[in-house]
file model-v5.tsv (TSV, N, CA and C atoms)
chain	number	residue	atom	x	y	z
A	16	MET	N	-13.01	15.88	70.20
A	16	MET	CA	-12.56	15.80	68.81
A	16	MET	C	-12.96	14.43	68.26
A	17	ASP	N	-13.65	14.41	67.15
A	17	ASP	CA	-14.08	13.14	66.57
A	17	ASP	C	-12.94	12.47	65.81
A	18	LYS	N	-13.18	11.26	65.35
A	18	LYS	CA	-12.12	10.47	64.69
A	18	LYS	C	-11.66	11.12	63.39
A	19	ASN	N	-12.60	11.71	62.65
A	19	ASN	CA	-12.25	12.34	61.37
A	19	ASN	C	-11.31	13.53	61.59
A	20	SER	N	-11.62	14.35	62.58
A	20	SER	CA	-10.77	15.51	62.89
A	20	SER	C	-9.40	15.06	63.38
A	21	ALA	N	-9.39	14.02	64.21
A	21	ALA	CA	-8.12	13.51	64.73
A	21	ALA	C	-7.26	12.96	63.60
A	22	ALA	N	-7.87	12.26	62.66
A	22	ALA	CA	-7.14	11.70	61.53
A	22	ALA	C	-6.59	12.82	60.64
A	23	LEU	N	-7.39	13.85	60.42
A	23	LEU	CA	-6.94	14.99	59.62
A	23	LEU	C	-5.77	15.70	60.31
A	24	LEU	N	-5.89	15.86	61.63
A	24	LEU	CA	-4.83	16.51	62.38
A	24	LEU	C	-3.53	15.71	62.30
A	25	LYS	N	-3.64	14.39	62.39
A	25	LYS	CA	-2.46	13.53	62.31
A	25	LYS	C	-1.80	13.64	60.93
A	26	LYS	N	-2.63	13.61	59.87
A	26	LYS	CA	-2.11	13.77	58.51
A	26	LYS	C	-1.43	15.13	58.34
A	27	LEU	N	-2.08	16.14	58.89
A	27	LEU	CA	-1.56	17.50	58.79
A	27	LEU	C	-0.19	17.59	59.48
A	28	GLN	N	-0.08	17.02	60.65
A	28	GLN	CA	1.19	17.06	61.38
A	28	GLN	C	2.29	16.32	60.63
A	29	SER	N	1.98	15.16	60.08
A	29	SER	CA	3.01	14.40	59.36
A	29	SER	C	3.42	15.11	58.07
A	30	GLU	N	2.47	15.72	57.40
A	30	GLU	CA	2.78	16.46	56.17
A	30	GLU	C	3.60	17.71	56.49
A	31	LEU	N	3.27	18.35	57.59
A	31	LEU	CA	4.01	19.54	58.02
A	31	LEU	C	5.44	19.16	58.40
A	32	GLU	N	5.60	18.03	59.03
A	32	GLU	CA	6.94	17.54	59.40
A	32	GLU	C	7.76	17.25	58.14
A	33	ALA	N	7.13	16.62	57.16
A	33	ALA	CA	7.82	16.33	55.90
A	33	ALA	C	8.22	17.63	55.20
A	34	TYR	N	7.35	18.62	55.24
A	34	TYR	CA	7.64	19.92	54.63
A	34	TYR	C	8.83	20.58	55.33
A	35	GLN	N	8.86	20.53	56.65
A	35	GLN	CA	9.95	21.13	57.41
A	35	GLN	C	11.27	20.41	57.12
A	36	ASN	N	11.23	19.09	56.97
A	36	ASN	CA	12.44	18.35	56.61
A	36	ASN	C	12.95	18.77	55.24
A	37	GLN	N	12.02	18.98	54.31
A	37	GLN	CA	12.40	19.43	52.98
A	37	GLN	C	13.04	20.82	53.04
A	38	GLN	N	12.52	21.67	53.93
A	38	GLN	CA	13.10	23.01	54.09
A	38	GLN	C	14.54	22.91	54.60
A	39	LYS	N	14.78	22.03	55.56
A	39	LYS	CA	16.13	21.85	56.09
A	39	LYS	C	17.08	21.37	54.99
A	40	THR	N	16.60	20.41	54.21
A	40	THR	CA	17.41	19.89	53.11
A	40	THR	C	17.70	21.00	52.10
A	41	CYS	N	16.71	21.80	51.83
A	41	CYS	CA	16.87	22.90	50.88
A	41	CYS	C	17.92	23.90	51.38
A	42	LEU	N	17.89	24.21	52.66
A	42	LEU	CA	18.88	25.14	53.22
A	42	LEU	C	20.29	24.58	53.10
A	43	LYS	N	20.45	23.28	53.38
A	43	LYS	CA	21.76	22.65	53.26
A	43	LYS	C	22.26	22.72	51.82
A	44	LEU	N	21.36	22.45	50.88
A	44	LEU	CA	21.73	22.48	49.46
A	44	LEU	C	22.11	23.90	49.01
A	45	VAL	N	21.41	24.89	49.51
A	45	VAL	CA	21.72	26.28	49.16
A	45	VAL	C	23.10	26.65	49.68
A	46	LYS	N	23.41	26.23	50.92
A	46	LYS	CA	24.74	26.50	51.48
A	46	LYS	C	25.82	25.81	50.65
A	47	GLN	N	25.56	24.55	50.28
A	47	GLN	CA	26.51	23.78	49.48
A	47	GLN	C	26.72	24.46	48.13
A	48	ARG	N	25.65	24.89	47.53
A	48	ARG	CA	25.72	25.53	46.21
A	48	ARG	C	26.50	26.85	46.29
A	49	THR	N	26.26	27.60	47.35
A	49	THR	CA	26.98	28.86	47.55
A	49	THR	C	28.47	28.62	47.69
A	50	LEU	N	28.83	27.59	48.45
A	50	LEU	CA	30.23	27.24	48.62
A	50	LEU	C	30.85	26.84	47.29
A	51	LEU	N	30.15	26.02	46.52
A	51	LEU	CA	30.66	25.60	45.21
A	51	LEU	C	30.84	26.79	44.27
A	52	GLU	N	29.88	27.72	44.30
A	52	GLU	CA	29.99	28.91	43.44
A	52	GLU	C	31.21	29.74	43.82
A	53	SER	N	31.46	29.89	45.11
A	53	SER	CA	32.62	30.68	45.53
A	53	SER	C	33.92	29.97	45.14
A	54	GLN	N	33.95	28.64	45.28
A	54	GLN	CA	35.14	27.88	44.87
A	54	GLN	C	35.36	28.00	43.37
A	55	LEU	N	34.29	27.93	42.61
A	55	LEU	CA	34.39	28.05	41.15
A	55	LEU	C	34.95	29.43	40.77
A	56	ASN	N	34.42	30.47	41.37
A	56	ASN	CA	34.92	31.83	41.07
A	56	ASN	C	36.38	31.98	41.46
A	57	GLU	N	36.74	31.44	42.60
A	57	GLU	CA	38.14	31.52	43.05
A	57	GLU	C	39.07	30.80	42.06
A	58	ASN	N	38.67	29.62	41.63
A	58	ASN	CA	39.50	28.86	40.70
A	58	ASN	C	39.57	29.52	39.33
A	59	LYS	N	38.49	30.16	38.91
A	59	LYS	CA	38.52	30.90	37.64
A	59	LYS	C	39.51	32.06	37.73
A	60	CYS	N	39.53	32.73	38.87
A	60	CYS	CA	40.49	33.83	39.07
A	60	CYS	C	41.92	33.30	39.02
A	61	VAL	N	42.15	32.16	39.65
A	61	VAL	CA	43.49	31.55	39.64
A	61	VAL	C	43.89	31.21	38.21
A	62	LEU	N	42.97	30.63	37.44
A	62	LEU	CA	43.28	30.28	36.06
A	62	LEU	C	43.57	31.53	35.23
A	63	ASP	N	42.81	32.59	35.46
A	63	ASP	CA	43.07	33.85	34.76
A	63	ASP	C	44.48	34.36	35.06
A	64	GLU	N	44.86	34.27	36.34
A	64	GLU	CA	46.20	34.71	36.73
A	64	GLU	C	47.28	33.82	36.10
A	65	LEU	N	47.04	32.52	36.07
A	65	LEU	CA	48.01	31.60	35.46
A	65	LEU	C	48.15	31.85	33.96
A	66	ASN	N	47.04	32.24	33.34
A	66	ASN	CA	47.08	32.51	31.89
A	66	ASN	C	47.84	33.80	31.57
A	67	LEU	N	48.00	34.67	32.55
A	67	LEU	CA	48.76	35.90	32.34
A	67	LEU	C	50.27	35.64	32.36
A	68	LEU	N	50.67	34.53	32.95
A	68	LEU	CA	52.10	34.23	33.09
A	68	LEU	C	52.70	33.74	31.79
A	69	VAL	N	53.97	33.99	31.64
A	69	VAL	CA	54.73	33.48	30.50
A	69	VAL	C	55.47	32.22	30.95
A	70	PRO	N	55.89	31.36	30.01
A	70	PRO	CA	56.54	30.09	30.39
A	70	PRO	C	57.76	30.24	31.30
A	71	ASP	N	58.41	31.39	31.27
A	71	ASP	CA	59.61	31.59	32.10
A	71	ASP	C	59.26	31.81	33.58
A	72	ASN	N	58.02	32.20	33.86
A	72	ASN	CA	57.64	32.46	35.25
A	72	ASN	C	57.60	31.16	36.05
A	73	LYS	N	57.86	31.31	37.33
A	73	LYS	CA	57.84	30.15	38.22
A	73	LYS	C	56.53	30.13	39.01
A	74	VAL	N	56.01	28.92	39.20
A	74	VAL	CA	54.77	28.72	39.94
A	74	VAL	C	55.07	27.80	41.10
A	75	TYR	N	54.55	28.16	42.27
A	75	TYR	CA	54.74	27.34	43.46
A	75	TYR	C	53.38	26.96	44.02
A	76	LYS	N	53.34	25.74	44.58
A	76	LYS	CA	52.12	25.27	45.21
A	76	LYS	C	52.43	24.99	46.67
A	77	LEU	N	51.48	25.36	47.54
A	77	LEU	CA	51.67	25.18	48.96
A	77	LEU	C	51.23	23.78	49.38
A	78	TYR	N	52.15	22.99	49.88
A	78	TYR	CA	51.87	21.67	50.43
A	78	TYR	C	52.19	21.73	51.92
A	79	GLY	N	51.18	21.84	52.75
A	79	GLY	CA	51.42	21.99	54.18
A	79	GLY	C	52.20	23.28	54.40
A	80	PRO	N	53.33	23.20	55.10
A	80	PRO	CA	54.12	24.42	55.35
A	80	PRO	C	55.18	24.68	54.29
A	81	VAL	N	55.19	23.90	53.20
A	81	VAL	CA	56.27	23.98	52.21
A	81	VAL	C	55.73	24.44	50.86
A	82	LEU	N	56.47	25.36	50.22
A	82	LEU	CA	56.16	25.75	48.85
A	82	LEU	C	56.97	24.85	47.91
A	83	VAL	N	56.25	24.22	46.97
A	83	VAL	CA	56.90	23.30	46.04
A	83	VAL	C	56.75	23.87	44.63
A	84	LYS	N	57.87	23.88	43.90
A	84	LYS	CA	57.84	24.39	42.53
A	84	LYS	C	57.00	23.46	41.67
A	85	GLN	N	56.18	24.06	40.79
A	85	GLN	CA	55.30	23.28	39.93
A	85	GLN	C	55.38	23.84	38.51
A	86	ASP	N	55.27	22.97	37.55
A	86	ASP	CA	55.29	23.37	36.14
A	86	ASP	C	54.06	24.24	35.84
A	87	LEU	N	54.23	25.29	35.08
A	87	LEU	CA	53.15	26.22	34.77
A	87	LEU	C	52.00	25.51	34.05
A	88	GLU	N	52.32	24.71	33.04
A	88	GLU	CA	51.28	24.03	32.27
A	88	GLU	C	50.54	23.02	33.15
A	89	GLU	N	51.26	22.35	34.01
A	89	GLU	CA	50.64	21.39	34.93
A	89	GLU	C	49.68	22.12	35.88
A	90	SER	N	50.08	23.29	36.32
A	90	SER	CA	49.22	24.10	37.20
A	90	SER	C	47.94	24.49	36.48
A	91	ARG	N	48.09	24.93	35.24
A	91	ARG	CA	46.91	25.31	34.44
A	91	ARG	C	45.97	24.12	34.27
A	92	GLN	N	46.53	22.95	33.98
A	92	GLN	CA	45.71	21.75	33.80
A	92	GLN	C	44.99	21.37	35.09
A	93	ASN	N	45.72	21.43	36.20
A	93	ASN	CA	45.11	21.09	37.49
A	93	ASN	C	43.94	22.01	37.83
A	94	VAL	N	44.15	23.30	37.64
A	94	VAL	CA	43.09	24.26	37.93
A	94	VAL	C	41.92	24.06	36.96
A	95	GLY	N	42.23	23.79	35.70
A	95	GLY	CA	41.17	23.53	34.71
A	95	GLY	C	40.34	22.31	35.09
A	96	LYS	N	41.01	21.26	35.53
A	96	LYS	CA	40.28	20.05	35.97
A	96	LYS	C	39.44	20.34	37.20
A	97	ARG	N	39.98	21.14	38.10
A	97	ARG	CA	39.24	21.50	39.30
A	97	ARG	C	37.99	22.30	38.94
A	98	ILE	N	38.13	23.22	37.99
A	98	ILE	CA	36.98	24.01	37.53
A	98	ILE	C	35.94	23.10	36.90
A	99	GLU	N	36.39	22.15	36.11
A	99	GLU	CA	35.48	21.20	35.47
A	99	GLU	C	34.72	20.39	36.52
A	100	TYR	N	35.43	19.89	37.52
A	100	TYR	CA	34.81	19.09	38.58
A	100	TYR	C	33.81	19.92	39.37
A	101	ILE	N	34.20	21.13	39.76
A	101	ILE	CA	33.31	21.98	40.54
A	101	ILE	C	32.07	22.35	39.72
A	102	SER	N	32.24	22.56	38.43
A	102	SER	CA	31.09	22.88	37.57
A	102	SER	C	30.10	21.73	37.53
A	103	LYS	N	30.63	20.50	37.44
A	103	LYS	CA	29.75	19.33	37.45
A	103	LYS	C	29.01	19.20	38.78
A	104	GLU	N	29.74	19.42	39.88
A	104	GLU	CA	29.12	19.37	41.21
A	104	GLU	C	28.05	20.45	41.36
A	105	LEU	N	28.33	21.62	40.82
A	105	LEU	CA	27.39	22.73	40.90
A	105	LEU	C	26.12	22.41	40.10
A	106	LYS	N	26.29	21.82	38.94
A	106	LYS	CA	25.13	21.43	38.13
A	106	LYS	C	24.30	20.39	38.86
A	107	SER	N	24.96	19.39	39.43
A	107	SER	CA	24.27	18.35	40.17
A	107	SER	C	23.54	18.94	41.38
A	108	SER	N	24.19	19.84	42.08
A	108	SER	CA	23.59	20.48	43.25
A	108	SER	C	22.36	21.30	42.86
A	109	THR	N	22.45	21.99	41.74
A	109	THR	CA	21.33	22.79	41.26
A	109	THR	C	20.14	21.91	40.89
A	110	GLU	N	20.41	20.79	40.23
A	110	GLU	CA	19.33	19.86	39.87
A	110	GLU	C	18.67	19.28	41.11
A	111	THR	N	19.47	18.92	42.10
A	111	THR	CA	18.93	18.37	43.34
A	111	THR	C	18.10	19.43	44.06
A	112	LEU	N	18.59	20.66	44.07
A	112	LEU	CA	17.86	21.75	44.72
A	112	LEU	C	16.52	21.98	44.04
A	113	GLU	N	16.48	21.96	42.73
A	113	GLU	CA	15.23	22.13	42.00
A	113	GLU	C	14.25	21.02	42.34
A	114	SER	N	14.75	19.80	42.44
A	114	SER	CA	13.91	18.65	42.79
A	114	SER	C	13.32	18.82	44.20
A	115	VAL	N	14.15	19.24	45.13
A	115	VAL	CA	13.69	19.44	46.51
A	115	VAL	C	12.66	20.57	46.56
A	116	GLU	N	12.88	21.62	45.79
A	116	GLU	CA	11.93	22.74	45.77
A	116	GLU	C	10.57	22.29	45.21
A	117	LYS	N	10.58	21.40	44.21
A	117	LYS	CA	9.32	20.87	43.68
A	117	LYS	C	8.61	20.05	44.75
A	118	ASP	N	9.36	19.22	45.46
A	118	ASP	CA	8.77	18.43	46.54
A	118	ASP	C	8.20	19.33	47.63
A	119	MET	N	8.93	20.40	47.93
A	119	MET	CA	8.44	21.34	48.94
A	119	MET	C	7.12	21.97	48.51
A	120	ALA	N	7.01	22.30	47.25
A	120	ALA	CA	5.77	22.91	46.75
A	120	ALA	C	4.61	21.93	46.89
A	121	LYS	N	4.87	20.65	46.59
A	121	LYS	CA	3.82	19.63	46.74
A	121	LYS	C	3.39	19.51	48.19
A	122	HIS	N	4.38	19.47	49.09
A	122	HIS	CA	4.06	19.37	50.52
A	122	HIS	C	3.32	20.61	51.02
A	123	ARG	N	3.71	21.77	50.52
A	123	ARG	CA	3.06	23.02	50.93
A	123	ARG	C	1.59	23.01	50.50
A	124	GLU	N	1.33	22.58	49.27
A	124	GLU	CA	-0.05	22.50	48.79
A	124	GLU	C	-0.85	21.50	49.63
A	125	SER	N	-0.23	20.38	49.93
A	125	SER	CA	-0.90	19.35	50.73
A	125	SER	C	-1.21	19.87	52.12
A	126	VAL	N	-0.27	20.59	52.72
A	126	VAL	CA	-0.50	21.17	54.06
A	126	VAL	C	-1.65	22.16	54.01
A	127	GLN	N	-1.69	22.99	52.99
A	127	GLN	CA	-2.76	23.97	52.88
A	127	GLN	C	-4.12	23.30	52.74
A	128	LYS	N	-4.20	22.26	51.91
A	128	LYS	CA	-5.47	21.53	51.74
A	128	LYS	C	-5.91	20.88	53.04
A	129	LEU	N	-4.96	20.26	53.72
A	129	LEU	CA	-5.29	19.61	54.98
A	129	LEU	C	-5.72	20.62	56.05
A	130	GLN	N	-5.09	21.78	56.06
A	130	GLN	CA	-5.49	22.83	57.00
A	130	GLN	C	-6.92	23.27	56.73
A	131	GLN	N	-7.25	23.44	55.45
A	131	GLN	CA	-8.61	23.84	55.09
A	131	GLN	C	-9.61	22.76	55.49
A	132	GLN	N	-9.28	21.50	55.21
A	132	GLN	CA	-10.18	20.41	55.57
A	132	GLN	C	-10.37	20.34	57.09
A	133	TYR	N	-9.30	20.55	57.83
A	133	TYR	CA	-9.36	20.49	59.28
A	133	TYR	C	-10.22	21.64	59.82
A	134	GLN	N	-10.07	22.83	59.25
A	134	GLN	CA	-10.88	23.98	59.69
A	134	GLN	C	-12.35	23.75	59.39
A	135	VAL	N	-12.64	23.16	58.23
A	135	VAL	CA	-14.04	22.85	57.87
A	135	VAL	C	-14.60	21.82	58.84
A	136	ALA	N	-13.79	20.80	59.17
A	136	ALA	CA	-14.24	19.75	60.09
A	136	ALA	C	-14.52	20.35	61.46
A	137	LEU	N	-13.70	21.28	61.91
A	137	LEU	CA	-13.92	21.91	63.21
A	137	LEU	C	-15.16	22.81	63.19
A	138	ALA	N	-15.38	23.48	62.06
A	138	ALA	CA	-16.53	24.39	61.95
A	138	ALA	C	-17.84	23.62	61.91
A	139	MET	N	-17.81	22.39	61.45
A	139	MET	CA	-19.03	21.58	61.32
A	139	MET	C	-19.49	21.01	62.67
A	140	LYS	N	-18.66	21.11	63.67
A	140	LYS	CA	-19.05	20.57	64.98
A	140	LYS	C	-20.18	21.30	65.58

call {"tool": "encode", "arguments": {"input": "model-v5.tsv", "output": "structure tokens"}}
result
Amino acid sequence: MDKNSAALLKKLQSELEAYQNQQKTCLKLVKQRTLLESQLNENKCVLDELNLLVPDNKVYKLYGPVLVKQDLEESRQNVGKRIEYISKELKSSTETLESVEKDMAKHRESVQKLQQQYQVALAMK
């Protein structure tokens, strides 16, 4: 193997490694996003249920092994804030995922070009 082929192979391996790292990051972000989406849906359901209640109804919150009485309006506000926070996290996660996917596409193109160059270099021997 000549120096040019060896250099191409080394570049190809490093680019492939970078692409694989991006894939791992992408999978983690997808899992995180899925978790956030399920939490958001769950909290929206809780808020819908709280909105069905009248002021006379009692609301309890579980703290460890104890149920503690909580004000209905306070419960609604807490769940609303939680929904707001999760929505922001979901937006941030989506933006990060899009960025990683763009980087993956760049690495994929680079790997393909390097593979073609390496095959041409081998064929020229």

call {"tool": "closest_residue", "arguments": {"input": "model-v5.tsv", "among": "A:Leu44, A:Val115, A:Leu82, A:Leu24", "to": "A:Gln132", "atoms": "only N, CA and C atoms"}}
result
A:Leu24

call {"tool": "residues_around", "arguments": {"input": "model-v5.tsv", "residues": "stretch 34-36 of chain A", "least_positions_apart": "5", "cutoff": "7 Å", "atoms": "only C-alpha atoms", "output": "PyMOL selection string"}}
result
chain A and resi 119+122-123

call {"tool": "atom_distance", "arguments": {"input": "model-v5.tsv", "atom1": "atom CA of A:Gly95", "atom2": "atom C of A:Leu112"}}
result
26.4 Å

call {"tool": "select_by_dssp", "arguments": {"input": "model-v5.tsv", "residues": "stretch 54-132 of chain A", "states": "strand (DSSP E)", "output": "list of chain:residue names"}}
result
A:Val74, A:Tyr75, A:Lys76, A:Leu77, A:Tyr78, A:Val81, A:Leu82, A:Val83, A:Lys84, A:Gln85

call {"tool": "residues_around", "arguments": {"input": "model-v5.tsv", "residues": "A:Ser108", "least_positions_apart": "6", "cutoff": "8 Å", "atoms": "all atoms listed in the file", "output": "list in words"}}
result
Leu44, Val45, Gln47, Arg48, Ser102 and Ser114 of chain A

call {"tool": "atom_distance", "arguments": {"input": "model-v5.tsv", "atom1": "atom N of A:Gly79", "atom2": "atom N of A:Leu55"}}
result
20.6 Å

call {"tool": "atom_distance", "arguments": {"input": "model-v5.tsv", "atom1": "atom CA of A:Lys121", "atom2": "atom C of A:Glu104"}}
result
24.8 Å

call {"tool": "residues_near_point", "arguments": {"input": "model-v5.tsv", "point": "(48.3, 25.3, 39.3)", "cutoff": "8 Å", "atoms": "only N, CA and C atoms", "output": "list in words"}}
result
Val61, Leu62, Leu65, Val74, Tyr75, Lys76, Gln85, Asp86, Leu87, Glu88, Glu89, Ser90, Arg91, Gln92, Asn93, Val94 and Gly95 of chain A

call {"tool": "closest_residue", "arguments": {"input": "model-v5.tsv", "among": "A:Lys18, A:Lys43, A:Arg97, A:Lys26", "to": "A:Gln127", "atoms": "only C-alpha atoms"}}
result
A:Lys26

call {"tool": "select_by_dssp", "arguments": {"input": "model-v5.tsv", "residues": "stretch 17-138 of chain A", "states": "alpha helix (DSSP H)", "output": "NGL selection string"}}
result
:A and (18-67 or 87-138)

call {"tool": "closest_residue", "arguments": {"input": "model-v5.tsv", "among": "A:Glu116, A:Leu137, A:Leu129, A:Glu57", "to": "A:Leu42", "atoms": "only C-alpha atoms"}}
result
A:Glu116

call {"tool": "closest_residue", "arguments": {"input": "model-v5.tsv", "among": "A:Ala136, A:Ala33, A:Glu113, A:Lys46", "to": "A:Asn19", "atoms": "all atoms listed in the file"}}
result
A:Ala136

call {"tool": "closest_residue", "arguments": {"input": "model-v5.tsv", "among": "A:Met139, A:Tyr133, A:Leu105, A:Glu124", "to": "A:Glu52", "atoms": "only N, CA and C atoms"}}
result
A:Leu105

call {"tool": "closest_residue", "arguments": {"input": "model-v5.tsv", "among": "A:Glu30, A:Glu110, A:Glu99, A:Asp17", "to": "A:Asn58", "atoms": "only C-alpha atoms"}}
result
A:Glu99

call {"tool": "build_atoms", "arguments": {"input": "model-v5.tsv", "residues": "stretch 112-121 of chain A", "atoms": "all heavy atoms", "output": "mmCIF file, keeping the file's coordinate frame"}}
result
data_model
loop_
_atom_site.group_PDB
_atom_site.id
_atom_site.type_symbol
_atom_site.label_atom_id
_atom_site.label_comp_id
_atom_site.auth_asym_id
_atom_site.auth_seq_id
_atom_site.Cartn_x
_atom_site.Cartn_y
_atom_site.Cartn_z
ATOM 1 N N LEU A 112 18.590 20.660 44.070
ATOM 2 C CA LEU A 112 17.860 21.750 44.720
ATOM 3 C C LEU A 112 16.520 21.980 44.040
ATOM 4 O O LEU A 112 15.495 22.168 44.721
ATOM 5 C CB LEU A 112 18.701 23.029 44.689
ATOM 6 C CG LEU A 112 18.114 24.252 45.379
ATOM 7 C CD1 LEU A 112 17.892 23.983 46.860
ATOM 8 C CD2 LEU A 112 19.035 25.448 45.200
ATOM 9 N N GLU A 113 16.480 21.960 42.730
ATOM 10 C CA GLU A 113 15.230 22.130 42.000
ATOM 11 C C GLU A 113 14.250 21.020 42.340
ATOM 12 O O GLU A 113 13.047 21.262 42.514
ATOM 13 C CB GLU A 113 15.489 22.179 40.492
ATOM 14 C CG GLU A 113 16.174 23.449 40.032
ATOM 15 C CD GLU A 113 16.615 23.400 38.581
ATOM 16 O OE1 GLU A 113 16.466 22.344 37.917
ATOM 17 O OE2 GLU A 113 17.124 24.424 38.095
ATOM 18 N N SER A 114 14.750 19.800 42.440
ATOM 19 C CA SER A 114 13.910 18.650 42.790
ATOM 20 C C SER A 114 13.320 18.820 44.200
ATOM 21 O O SER A 114 12.130 18.580 44.412
ATOM 22 C CB SER A 114 14.730 17.368 42.714
ATOM 23 O OG SER A 114 14.005 16.279 43.210
ATOM 24 N N VAL A 115 14.150 19.240 45.130
ATOM 25 C CA VAL A 115 13.690 19.440 46.510
ATOM 26 C C VAL A 115 12.660 20.570 46.560
ATOM 27 O O VAL A 115 11.662 20.476 47.286
ATOM 28 C CB VAL A 115 14.883 19.714 47.446
ATOM 29 C CG1 VAL A 115 14.421 20.197 48.806
ATOM 30 C CG2 VAL A 115 15.731 18.466 47.603
ATOM 31 N N GLU A 116 12.880 21.620 45.790
ATOM 32 C CA GLU A 116 11.930 22.740 45.770
ATOM 33 C C GLU A 116 10.570 22.290 45.210
ATOM 34 O O GLU A 116 9.529 22.728 45.701
ATOM 35 C CB GLU A 116 12.487 23.901 44.959
ATOM 36 C CG GLU A 116 13.586 24.646 45.682
ATOM 37 C CD GLU A 116 14.252 25.724 44.854
ATOM 38 O OE1 GLU A 116 14.151 25.691 43.598
ATOM 39 O OE2 GLU A 116 14.906 26.595 45.447
ATOM 40 N N LYS A 117 10.580 21.400 44.210
ATOM 41 C CA LYS A 117 9.320 20.870 43.680
ATOM 42 C C LYS A 117 8.610 20.050 44.750
ATOM 43 O O LYS A 117 7.386 20.165 44.916
ATOM 44 C CB LYS A 117 9.582 20.003 42.439
ATOM 45 C CG LYS A 117 9.924 20.783 41.202
ATOM 46 C CD LYS A 117 10.190 19.875 40.024
ATOM 47 C CE LYS A 117 10.662 20.649 38.811
ATOM 48 N NZ LYS A 117 11.008 19.768 37.679
ATOM 49 N N ASP A 118 9.360 19.220 45.460
ATOM 50 C CA ASP A 118 8.770 18.430 46.540
ATOM 51 C C ASP A 118 8.200 19.330 47.630
ATOM 52 O O ASP A 118 7.136 19.049 48.182
ATOM 53 C CB ASP A 118 9.811 17.473 47.144
ATOM 54 C CG ASP A 118 10.145 16.308 46.235
ATOM 55 O OD1 ASP A 118 9.399 16.071 45.266
ATOM 56 O OD2 ASP A 118 11.163 15.622 46.503
ATOM 57 N N MET A 119 8.930 20.400 47.930
ATOM 58 C CA MET A 119 8.440 21.340 48.940
ATOM 59 C C MET A 119 7.120 21.970 48.510
ATOM 60 O O MET A 119 6.215 22.128 49.331
ATOM 61 C CB MET A 119 9.474 22.451 49.173
ATOM 62 C CG MET A 119 10.560 22.095 50.133
ATOM 63 S SD MET A 119 11.756 23.436 50.368
ATOM 64 C CE MET A 119 10.723 24.777 50.910
ATOM 65 N N ALA A 120 7.010 22.300 47.250
ATOM 66 C CA ALA A 120 5.770 22.910 46.750
ATOM 67 C C ALA A 120 4.610 21.930 46.890
ATOM 68 O O ALA A 120 3.509 22.316 47.291
ATOM 69 C CB ALA A 120 5.942 23.330 45.292
ATOM 70 N N LYS A 121 4.870 20.650 46.590
ATOM 71 C CA LYS A 121 3.820 19.630 46.740
ATOM 72 C C LYS A 121 3.390 19.510 48.190
ATOM 73 O O LYS A 121 2.200 19.441 48.508
ATOM 74 C CB LYS A 121 4.314 18.278 46.225
ATOM 75 C CG LYS A 121 4.471 18.206 44.735
ATOM 76 C CD LYS A 121 5.035 16.858 44.311
ATOM 77 C CE LYS A 121 5.334 16.831 42.824
ATOM 78 N NZ LYS A 121 5.976 15.566 42.421
#
